[in-house]
Structures are given as structure tokens and as C-alpha cells.
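**Student:** Quick one: structure below, then a few questions.
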Amino acid sequence: MKGTQLALPEPPRRGGKRPGAGRKRCEGARPCVAHRRRPEHHFRHPVHVTLRVAKGLPSLRNERLYLAVESAIRATRRPDFRIVEFSVQEDHVHALVEGDDKRSLERGLRSLIARVTRRVKKVLGLSRAKIWSDRYHRRDLTSPRQVRNALVYVLANFKKHLRVMHGAPRIDLRSSAQWFTGWIQNRRLPAEPSPVEPPRTWLARVGWKKHGLIHPGEAPRFPS
């Protein structure tokens, strides 16, 4: 009709909720680790690292796969990077590590991840299959309390996932717990050398002990 004004579509607006926007999900309800520049790292701060395997792989607590992961940890030796504690769960690995700077930390973790990848693929007879579900998660620990909580979280993590009764004084044999010397009760160390290295940071050597040695019956909680 003559003189009728046609309605034009509104220009796109910024902001607001959009389909597909927001942080992507990896597998299940867990969000992915953001692909952004990693923060700087101070040599005085131990780091809690979590590595998650892809969905559908067998449990890493299977003896052959656990030994493959432990072998990779034993082989990761660098003058500027140390793995000081670890535990292997069904679909992820926790580690407490130290690095002399950001570059040392990232190179050491790349070296560890590459070794675990090769050994796990060899055990499973895989070649091109995806091993990891996501980038590693990193949390720098800056206080004695944070380090103690992280130690309990790493060494007793099996209680969280396997529903071991809280308070049960059990040591996880799929971890470095049997070589750990910070238990409140004296334990005989294995004859086999430890797969991890002694910490060099004050926080991981003695600082965390300000809040007490660790009882084998303690259960993990989120570090704070």
C-alpha cells in the first residue's frame, strides 16, 4: 500500500544471553579449563595440578595403567621442576608440583603429560586415540593452610571417589602416600625408592606443618 512504512529488522545488539554462549562443557556437567594465557608463577608456591582423561578409557587405577602413570612420574626429572606428591584416580590424576618459574612449570608439565600419554597408549594398544579430555587444571598454593589442605586432597582423594568410610586409617596404594613422611603416625617406608622428589619450597617442606601433621584417617575437602 502506498505510504506504508516497512518494518526493518532490528540491528544486532551486544550483551544478553545468546545460544551457545558461555563457557563450554567438556564431558558431563564439568566446565572446560578456559583457553587463556596461564597466570605467572612464583617459585615459592607449590601447585596443585589435575589431569583428566577422556571419557570411555579404562580406569587408571587398573594395575597396568597405574604402573604406566607411576613410571612416567618417575621418569619426569628436571632440575627446575619437581613432582612432590601424586594420586591416580579412575579418570584423573592429581599432582602437587613445584617449578622454578612459569616456563619451568609449563615445560615440566608438558614433559609429564607426554610421558603419561605414550605409556598409557602403549598399554592400551592405541595410536591416535584421544587420551585427555581437557587442558590441565592448575591451582597455585600460597599459604601453609592451602598446602596442607591440598596434601590431604591429593593423598586421600580415593576416599572421595571410592566412598571409603571417613576416619578409616587407610593409605592409598595408587598414590605417593606410602612414601609420604608427614603422617602423624610413623610408618615403615617401602623398600622401593619413592617415585616423587623431595619438595624445595618452604611451604611444601615445613610451612604446612604449622597446622599439624596429617592423620591417615583424614578425608579430603576442597583446598581453601
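Every chain in the C-alpha cells has a letter given in the order shown (A, B, ...), and although residue numbers restart at 1 in each chain, ligands are simply numbered from 1 in the order shown.
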Fewer than 5 positions away in the same chain doesn't count, so skip those; otherwise give me all residues within 10 Å of Pro79 (chain A), counting only C-alpha atoms, as a count of residues only.
**Tutor:** 4
**Student:** Give me the residues near region 46-56 of chain A as a ChimeraX atom specification, where near means some atom within 8 Å (using only C-alpha atoms) and where sequence neighbours in that chain fewer than 3 positions away do not count.
**Tutor:** /A:27,43,91-99,130-142,147,150,201,203-204
**Student:** For the selection just defined, write its residues with N, CA and C atoms to a file, as an mmCIF file, in the first residue's frame.
**Tutor:**
data_model
loop_
_atom_site.group_PDB
_atom_site.id
_atom_site.type_symbol
_atom_site.label_atom_id
_atom_site.label_comp_id
_atom_site.auth_asym_id
_atom_site.auth_seq_id
_atom_site.Cartn_x
_atom_site.Cartn_y
_atom_site.Cartn_z
ATOM 1 N N GLU A 27 32.836 -32.802 29.336
ATOM 2 C CA GLU A 27 32.114 -34.069 29.366
ATOM 3 C C GLU A 27 31.236 -34.049 30.603
ATOM 4 N N PHE A 43 58.208 -19.103 42.258
ATOM 5 C CA PHE A 43 58.899 -20.337 42.652
ATOM 6 C C PHE A 43 58.611 -20.751 44.084
ATOM 7 N N ASP A 91 39.610 -41.711 36.626
ATOM 8 C CA ASP A 91 39.634 -40.948 35.375
ATOM 9 C C ASP A 91 40.436 -39.655 35.463
ATOM 10 N N HIS A 92 41.263 -39.512 36.488
ATOM 11 C CA HIS A 92 42.093 -38.321 36.585
ATOM 12 C C HIS A 92 43.294 -38.561 37.493
ATOM 13 N N VAL A 93 44.239 -37.661 37.380
ATOM 14 C CA VAL A 93 45.470 -37.717 38.173
ATOM 15 C C VAL A 93 45.627 -36.392 38.900
ATOM 16 N N HIS A 94 45.904 -36.463 40.197
ATOM 17 C CA HIS A 94 46.239 -35.277 40.981
ATOM 18 C C HIS A 94 47.744 -35.268 41.231
ATOM 19 N N ALA A 95 48.345 -34.088 41.182
ATOM 20 C CA ALA A 95 49.772 -33.976 41.485
ATOM 21 C C ALA A 95 50.040 -32.651 42.176
ATOM 22 N N LEU A 96 50.981 -32.688 43.110
ATOM 23 C CA LEU A 96 51.499 -31.481 43.738
ATOM 24 C C LEU A 96 52.896 -31.289 43.176
ATOM 25 N N VAL A 97 53.128 -30.169 42.497
ATOM 26 C CA VAL A 97 54.386 -29.965 41.790
ATOM 27 C C VAL A 97 55.003 -28.625 42.178
ATOM 28 N N GLU A 98 56.268 -28.466 41.827
ATOM 29 C CA GLU A 98 56.990 -27.215 42.026
ATOM 30 C C GLU A 98 57.741 -26.867 40.747
ATOM 31 N N GLY A 99 57.830 -25.591 40.452
ATOM 32 C CA GLY A 99 58.592 -25.133 39.297
ATOM 33 C C GLY A 99 59.326 -23.857 39.649
ATOM 34 N N LYS A 130 42.348 -40.172 21.512
ATOM 35 C CA LYS A 130 42.452 -39.055 22.440
ATOM 36 C C LYS A 130 42.574 -39.577 23.862
ATOM 37 N N ILE A 131 43.550 -39.093 24.583
ATOM 38 C CA ILE A 131 43.769 -39.532 25.958
ATOM 39 C C ILE A 131 43.186 -38.543 26.963
ATOM 40 N N TRP A 132 43.365 -37.267 26.723
ATOM 41 C CA TRP A 132 42.962 -36.255 27.703
ATOM 42 C C TRP A 132 41.664 -35.577 27.282
ATOM 43 N N SER A 133 40.812 -35.295 28.259
ATOM 44 C CA SER A 133 39.522 -34.659 27.979
ATOM 45 C C SER A 133 39.632 -33.147 27.950
ATOM 46 N N ASP A 134 40.718 -32.599 28.503
ATOM 47 C CA ASP A 134 40.799 -31.153 28.664
ATOM 48 C C ASP A 134 42.235 -30.749 28.971
ATOM 49 N N ARG A 135 42.487 -29.471 28.993
ATOM 50 C CA ARG A 135 43.764 -28.949 29.471
ATOM 51 C C ARG A 135 43.887 -29.260 30.968
ATOM 52 N N TYR A 136 45.115 -29.262 31.466
ATOM 53 C CA TYR A 136 45.289 -29.495 32.893
ATOM 54 C C TYR A 136 44.770 -28.303 33.689
ATOM 55 N N HIS A 137 44.246 -28.605 34.871
ATOM 56 C CA HIS A 137 43.793 -27.562 35.794
ATOM 57 C C HIS A 137 44.908 -27.266 36.780
ATOM 58 N N ARG A 138 45.170 -26.012 36.987
ATOM 59 C CA ARG A 138 46.285 -25.590 37.854
ATOM 60 C C ARG A 138 45.781 -24.665 38.956
ATOM 61 N N ARG A 139 46.272 -24.901 40.179
ATOM 62 C CA ARG A 139 45.954 -24.014 41.298
ATOM 63 C C ARG A 139 47.213 -23.776 42.110
ATOM 64 N N ASP A 140 47.705 -22.551 42.108
ATOM 65 C CA ASP A 140 48.893 -22.200 42.879
ATOM 66 C C ASP A 140 48.521 -22.057 44.352
ATOM 67 N N LEU A 141 49.358 -22.592 45.221
ATOM 68 C CA LEU A 141 49.091 -22.612 46.659
ATOM 69 C C LEU A 141 50.014 -21.604 47.338
ATOM 70 N N THR A 142 49.438 -20.669 48.059
ATOM 71 C CA THR A 142 50.210 -19.538 48.564
ATOM 72 C C THR A 142 50.284 -19.450 50.079
ATOM 73 N N VAL A 147 48.376 -25.469 51.394
ATOM 74 C CA VAL A 147 49.223 -26.612 51.062
ATOM 75 C C VAL A 147 48.810 -27.836 51.859
ATOM 76 N N ALA A 150 45.675 -29.199 50.395
ATOM 77 C CA ALA A 150 45.958 -29.836 49.105
ATOM 78 C C ALA A 150 46.614 -31.196 49.287
ATOM 79 N N THR A 201 60.331 -25.976 48.196
ATOM 80 C CA THR A 201 59.702 -24.755 48.694
ATOM 81 C C THR A 201 59.472 -24.863 50.199
ATOM 82 N N LEU A 203 56.929 -23.784 51.834
ATOM 83 C CA LEU A 203 55.544 -24.157 52.091
ATOM 84 C C LEU A 203 55.333 -25.664 52.053
ATOM 85 N N ALA A 204 55.958 -26.343 51.083
ATOM 86 C CA ALA A 204 55.750 -27.787 50.935
ATOM 87 C C ALA A 204 56.675 -28.603 51.829
#
**Student:** At what distance in Å, to one decimal, does CA of Ala75 (chain A) lie from CA of Arg200 (chain A)?
**Tutor:**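 Here the two named atoms are 18.7 Å from each other.
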**Student:** Please list as a list in words every residue within 12 Å of region 61-64 of chain A, counting only C-alpha atoms and excluding residues in the same chain fewer than 2 positions away.
**Tutor:**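 Contacts, with the query itself left out: Leu57, Pro58, Ser59, Tyr66, Leu67, Ala68, Val69, Glu70, Ser71, Ser87, Val88, Gln89, Glu90, Asp91, His92, Val93, Arg119, Val120, Lys121, Lys122, Val123, Leu124, Phe158, His161, Leu162, Asp172, Leu173, Arg174 and Ser175 of chain A.
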**Student:** Can you write just those residues out, N, CA and C atoms, as a PDB file, in the first residue's frame?
**Tutor:**
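What ended up in again.pdb:
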ATOM      1  N   LEU A  57      37.786 -44.375  28.500  1.00  0.00           N
ATOM      2  CA  LEU A  57      39.014 -45.133  28.746  1.00  0.00           C
ATOM      3  C   LEU A  57      38.861 -45.977  30.012  1.00  0.00           C
ATOM      4  N   PRO A  58      39.608 -47.081  30.113  1.00  0.00           N
ATOM      5  CA  PRO A  58      39.558 -47.889  31.338  1.00  0.00           C
ATOM      6  C   PRO A  58      40.073 -47.091  32.543  1.00  0.00           C
ATOM      7  N   SER A  59      39.774 -47.594  33.713  1.00  0.00           N
ATOM      8  CA  SER A  59      40.206 -46.925  34.939  1.00  0.00           C
ATOM      9  C   SER A  59      41.726 -46.873  35.030  1.00  0.00           C
ATOM     10  N   TYR A  66      48.028 -47.926  36.137  1.00  0.00           N
ATOM     11  CA  TYR A  66      48.644 -47.190  37.244  1.00  0.00           C
ATOM     12  C   TYR A  66      50.166 -47.246  37.154  1.00  0.00           C
ATOM     13  N   LEU A  67      50.709 -48.432  36.900  1.00  0.00           N
ATOM     14  CA  LEU A  67      52.158 -48.564  36.801  1.00  0.00           C
ATOM     15  C   LEU A  67      52.716 -47.745  35.642  1.00  0.00           C
ATOM     16  N   ALA A  68      51.933 -47.601  34.576  1.00  0.00           N
ATOM     17  CA  ALA A  68      52.363 -46.759  33.457  1.00  0.00           C
ATOM     18  C   ALA A  68      52.448 -45.297  33.885  1.00  0.00           C
ATOM     19  N   VAL A  69      51.442 -44.841  34.650  1.00  0.00           N
ATOM     20  CA  VAL A  69      51.456 -43.460  35.131  1.00  0.00           C
ATOM     21  C   VAL A  69      52.602 -43.255  36.127  1.00  0.00           C
ATOM     22  N   GLU A  70      52.759 -44.197  37.045  1.00  0.00           N
ATOM     23  CA  GLU A  70      53.844 -44.075  38.027  1.00  0.00           C
ATOM     24  C   GLU A  70      55.206 -44.048  37.340  1.00  0.00           C
ATOM     25  N   SER A  71      55.372 -44.882  36.305  1.00  0.00           N
ATOM     26  CA  SER A  71      56.620 -44.898  35.564  1.00  0.00           C
ATOM     27  C   SER A  71      56.906 -43.544  34.913  1.00  0.00           C
ATOM     28  N   SER A  87      48.411 -38.706  43.162  1.00  0.00           N
ATOM     29  CA  SER A  87      47.496 -39.833  43.319  1.00  0.00           C
ATOM     30  C   SER A  87      46.811 -40.067  41.983  1.00  0.00           C
ATOM     31  N   VAL A  88      46.487 -41.334  41.724  1.00  0.00           N
ATOM     32  CA  VAL A  88      45.853 -41.732  40.467  1.00  0.00           C
ATOM     33  C   VAL A  88      44.448 -42.223  40.779  1.00  0.00           C
ATOM     34  N   GLN A  89      43.447 -41.560  40.224  1.00  0.00           N
ATOM     35  CA  GLN A  89      42.059 -41.962  40.388  1.00  0.00           C
ATOM     36  C   GLN A  89      41.566 -42.617  39.097  1.00  0.00           C
ATOM     37  N   GLU A  90      40.317 -43.016  39.059  1.00  0.00           N
ATOM     38  CA  GLU A  90      39.818 -43.766  37.914  1.00  0.00           C
ATOM     39  C   GLU A  90      39.954 -42.994  36.604  1.00  0.00           C
ATOM     40  N   ASP A  91      39.610 -41.711  36.626  1.00  0.00           N
ATOM     41  CA  ASP A  91      39.634 -40.948  35.375  1.00  0.00           C
ATOM     42  C   ASP A  91      40.436 -39.655  35.463  1.00  0.00           C
ATOM     43  N   HIS A  92      41.263 -39.512  36.488  1.00  0.00           N
ATOM     44  CA  HIS A  92      42.093 -38.321  36.585  1.00  0.00           C
ATOM     45  C   HIS A  92      43.294 -38.561  37.493  1.00  0.00           C
ATOM     46  N   VAL A  93      44.239 -37.661  37.380  1.00  0.00           N
ATOM     47  CA  VAL A  93      45.470 -37.717  38.173  1.00  0.00           C
ATOM     48  C   VAL A  93      45.627 -36.392  38.900  1.00  0.00           C
ATOM     49  N   ARG A 119      52.903 -43.835  27.522  1.00  0.00           N
ATOM     50  CA  ARG A 119      52.837 -45.095  28.264  1.00  0.00           C
ATOM     51  C   ARG A 119      51.418 -45.647  28.328  1.00  0.00           C
ATOM     52  N   VAL A 120      50.432 -44.789  28.529  1.00  0.00           N
ATOM     53  CA  VAL A 120      49.048 -45.246  28.581  1.00  0.00           C
ATOM     54  C   VAL A 120      48.617 -45.784  27.216  1.00  0.00           C
ATOM     55  N   LYS A 121      48.979 -45.079  26.150  1.00  0.00           N
ATOM     56  CA  LYS A 121      48.629 -45.560  24.808  1.00  0.00           C
ATOM     57  C   LYS A 121      49.283 -46.902  24.510  1.00  0.00           C
ATOM     58  N   LYS A 122      50.497 -47.079  24.977  1.00  0.00           N
ATOM     59  CA  LYS A 122      51.189 -48.350  24.743  1.00  0.00           C
ATOM     60  C   LYS A 122      50.480 -49.491  25.459  1.00  0.00           C
ATOM     61  N   VAL A 123      50.073 -49.274  26.701  1.00  0.00           N
ATOM     62  CA  VAL A 123      49.364 -50.314  27.450  1.00  0.00           C
ATOM     63  C   VAL A 123      48.041 -50.656  26.770  1.00  0.00           C
ATOM     64  N   LEU A 124      47.338 -49.644  26.298  1.00  0.00           N
ATOM     65  CA  LEU A 124      46.013 -49.857  25.702  1.00  0.00           C
ATOM     66  C   LEU A 124      46.083 -50.245  24.230  1.00  0.00           C
ATOM     67  N   PHE A 158      41.152 -40.876  47.089  1.00  0.00           N
ATOM     68  CA  PHE A 158      40.405 -42.117  46.833  1.00  0.00           C
ATOM     69  C   PHE A 158      39.202 -42.245  47.754  1.00  0.00           C
ATOM     70  N   HIS A 161      36.192 -40.580  46.008  1.00  0.00           N
ATOM     71  CA  HIS A 161      35.635 -41.222  44.819  1.00  0.00           C
ATOM     72  C   HIS A 161      35.190 -42.665  45.059  1.00  0.00           C
ATOM     73  N   LEU A 162      35.880 -43.376  45.962  1.00  0.00           N
ATOM     74  CA  LEU A 162      35.549 -44.781  46.200  1.00  0.00           C
ATOM     75  C   LEU A 162      34.660 -44.973  47.413  1.00  0.00           C
ATOM     76  N   ASP A 172      46.342 -44.992  50.405  1.00  0.00           N
ATOM     77  CA  ASP A 172      46.064 -45.324  49.018  1.00  0.00           C
ATOM     78  C   ASP A 172      47.337 -45.814  48.336  1.00  0.00           C
ATOM     79  N   LEU A 173      47.325 -47.053  47.878  1.00  0.00           N
ATOM     80  CA  LEU A 173      48.492 -47.623  47.201  1.00  0.00           C
ATOM     81  C   LEU A 173      48.590 -47.181  45.750  1.00  0.00           C
ATOM     82  N   ARG A 174      47.633 -46.410  45.292  1.00  0.00           N
ATOM     83  CA  ARG A 174      47.684 -45.834  43.944  1.00  0.00           C
ATOM     84  C   ARG A 174      48.092 -44.358  44.045  1.00  0.00           C
ATOM     85  N   SER A 175      49.027 -44.095  44.917  1.00  0.00           N
ATOM     86  CA  SER A 175      49.478 -42.721  45.145  1.00  0.00           C
ATOM     87  C   SER A 175      50.864 -42.752  45.778  1.00  0.00           C
TER      88      SER A 175
END
**Student:** Pick out the residues sitting within 12 Å of region 216-219 of chain A, and hand them over as a ChimeraX atom specification; count only C-alpha atoms, and ignore anything fewer than 5 positions along from it in its own chain.
**Tutor:** /A:148-172,177-178,180-187
**Student:** Keeping N, CA and C atoms, export the residues of the selection given above as a CSV table (one decimal), in the first residue's frame.
**Tutor:**
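out-v6.csv, written as the output of this step:
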chain,number,residue,atom,x,y,z
A,148,ARG,N,48.5,-27.7,53.1
A,148,ARG,CA,48.1,-28.8,53.9
A,148,ARG,C,46.8,-29.4,53.4
A,149,ASN,N,45.8,-28.5,53.1
A,149,ASN,CA,44.5,-29.0,52.5
A,149,ASN,C,44.8,-29.7,51.2
A,150,ALA,N,45.7,-29.2,50.4
A,150,ALA,CA,46.0,-29.8,49.1
A,150,ALA,C,46.6,-31.2,49.3
A,151,LEU,N,47.5,-31.3,50.3
A,151,LEU,CA,48.1,-32.6,50.5
A,151,LEU,C,47.1,-33.7,50.9
A,152,VAL,N,46.2,-33.3,51.8
A,152,VAL,CA,45.1,-34.2,52.2
A,152,VAL,C,44.2,-34.5,50.9
A,153,TYR,N,43.9,-33.5,50.2
A,153,TYR,CA,43.1,-33.7,49.0
A,153,TYR,C,43.7,-34.7,48.0
A,154,VAL,N,45.0,-34.5,47.8
A,154,VAL,CA,45.7,-35.4,46.8
A,154,VAL,C,45.9,-36.8,47.3
A,155,LEU,N,46.4,-36.9,48.5
A,155,LEU,CA,46.8,-38.2,49.1
A,155,LEU,C,45.6,-39.1,49.5
A,156,ALA,N,44.5,-38.4,49.9
A,156,ALA,CA,43.3,-39.2,50.4
A,156,ALA,C,42.2,-39.0,49.4
A,157,ASN,N,42.5,-38.7,48.2
A,157,ASN,CA,41.4,-38.5,47.2
A,157,ASN,C,40.6,-39.7,46.9
A,158,PHE,N,41.2,-40.9,47.1
A,158,PHE,CA,40.4,-42.1,46.8
A,158,PHE,C,39.2,-42.2,47.8
A,159,LYS,N,39.3,-41.6,48.9
A,159,LYS,CA,38.1,-41.7,49.9
A,159,LYS,C,36.9,-40.9,49.3
A,160,LYS,N,37.2,-39.9,48.5
A,160,LYS,CA,36.1,-39.1,47.9
A,160,LYS,C,35.4,-39.9,46.8
A,161,HIS,N,36.2,-40.6,46.0
A,161,HIS,CA,35.6,-41.2,44.8
A,161,HIS,C,35.2,-42.7,45.1
A,162,LEU,N,35.9,-43.4,46.0
A,162,LEU,CA,35.5,-44.8,46.2
A,162,LEU,C,34.7,-45.0,47.4
A,163,ARG,N,34.2,-43.9,48.0
A,163,ARG,CA,33.3,-43.9,49.1
A,163,ARG,C,33.9,-44.7,50.3
A,164,VAL,N,35.2,-44.5,50.5
A,164,VAL,CA,35.8,-45.2,51.7
A,164,VAL,C,35.3,-44.4,53.0
A,165,MET,N,35.0,-45.2,54.0
A,165,MET,CA,34.4,-44.6,55.2
A,165,MET,C,35.3,-43.5,55.8
A,166,HIS,N,34.8,-42.4,56.1
A,166,HIS,CA,35.7,-41.3,56.6
A,166,HIS,C,36.2,-41.8,58.0
A,167,GLY,N,37.4,-41.5,58.3
A,167,GLY,CA,38.0,-41.9,59.5
A,167,GLY,C,38.8,-43.2,59.4
A,168,ALA,N,38.6,-43.9,58.3
A,168,ALA,CA,39.3,-45.2,58.2
A,168,ALA,C,40.8,-44.9,57.9
A,169,PRO,N,41.7,-45.4,58.7
A,169,PRO,CA,43.1,-45.1,58.5
A,169,PRO,C,43.8,-45.9,57.4
A,170,ARG,N,43.4,-45.7,56.2
A,170,ARG,CA,43.9,-46.4,55.1
A,170,ARG,C,44.8,-45.6,54.2
A,171,ILE,N,45.8,-46.2,53.6
A,171,ILE,CA,46.7,-45.5,52.7
A,171,ILE,C,46.5,-45.9,51.3
A,172,ASP,N,46.3,-45.0,50.4
A,172,ASP,CA,46.1,-45.3,49.0
A,172,ASP,C,47.3,-45.8,48.3
A,177,ALA,N,51.3,-41.8,48.8
A,177,ALA,CA,51.0,-41.8,50.2
A,177,ALA,C,51.9,-42.7,51.0
A,178,GLN,N,52.3,-43.8,50.4
A,178,GLN,CA,53.1,-44.8,51.2
A,178,GLN,C,54.5,-44.3,51.4
A,180,PHE,N,55.0,-40.9,51.8
A,180,PHE,CA,54.8,-39.6,52.5
A,180,PHE,C,55.3,-39.7,53.9
A,181,THR,N,56.1,-38.7,54.3
A,181,THR,CA,56.7,-38.7,55.7
A,181,THR,C,56.0,-37.7,56.6
A,182,GLY,N,54.9,-37.1,56.2
A,182,GLY,CA,54.2,-36.1,57.0
A,182,GLY,C,53.0,-36.7,57.8
A,183,TRP,N,52.9,-38.0,57.9
A,183,TRP,CA,51.8,-38.6,58.7
A,183,TRP,C,52.0,-38.4,60.1
A,184,ILE,N,51.0,-38.3,60.9
A,184,ILE,CA,51.1,-38.1,62.3
A,184,ILE,C,51.6,-39.4,63.0
A,185,GLN,N,51.4,-40.5,62.3
A,185,GLN,CA,51.9,-41.8,62.8
A,185,GLN,C,53.1,-42.3,62.0
A,186,ASN,N,54.1,-42.8,62.7
A,186,ASN,CA,55.3,-43.3,61.9
A,186,ASN,C,54.9,-44.5,61.1
A,187,ARG,N,55.4,-44.5,59.9
A,187,ARG,CA,55.1,-45.7,59.0
A,187,ARG,C,56.4,-46.2,58.4
**Student:** What's the separation between CA of Gly207 (chain A) and CA of Ser143 (chain A), in Å to one decimal place?
**Tutor:**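 According to the coordinates, CA of Gly207 (chain A) and CA of Ser143 (chain A) are separated by 8.0 Å.
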**Student:** According to DSSP computed on the backbone, where in region 28-126 of chain A is there strand (DSSP E)? Give the residues as number ranges by chain.
**Tutor:** A: 47-52, 81-88, 92-99
**Student:** Figure out the distance between CA of Ile83 (chain A) and CA of Glu106 (chain A), please, to one decimal in Å.
**Tutor:**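 Calculated distance between CA of Glu106 (chain A) and CA of Ile83 (chain A) is 12.6 Å.
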**Student:** Apply DSSP to the backbone of this structure and, from region 35-198 of chain A, keep only the residues in helix (DSSP H, G or I); write these as a ChimeraX atom specification.
**Tutor:** /A:63-75,102-124,144-155,157-161,177-179
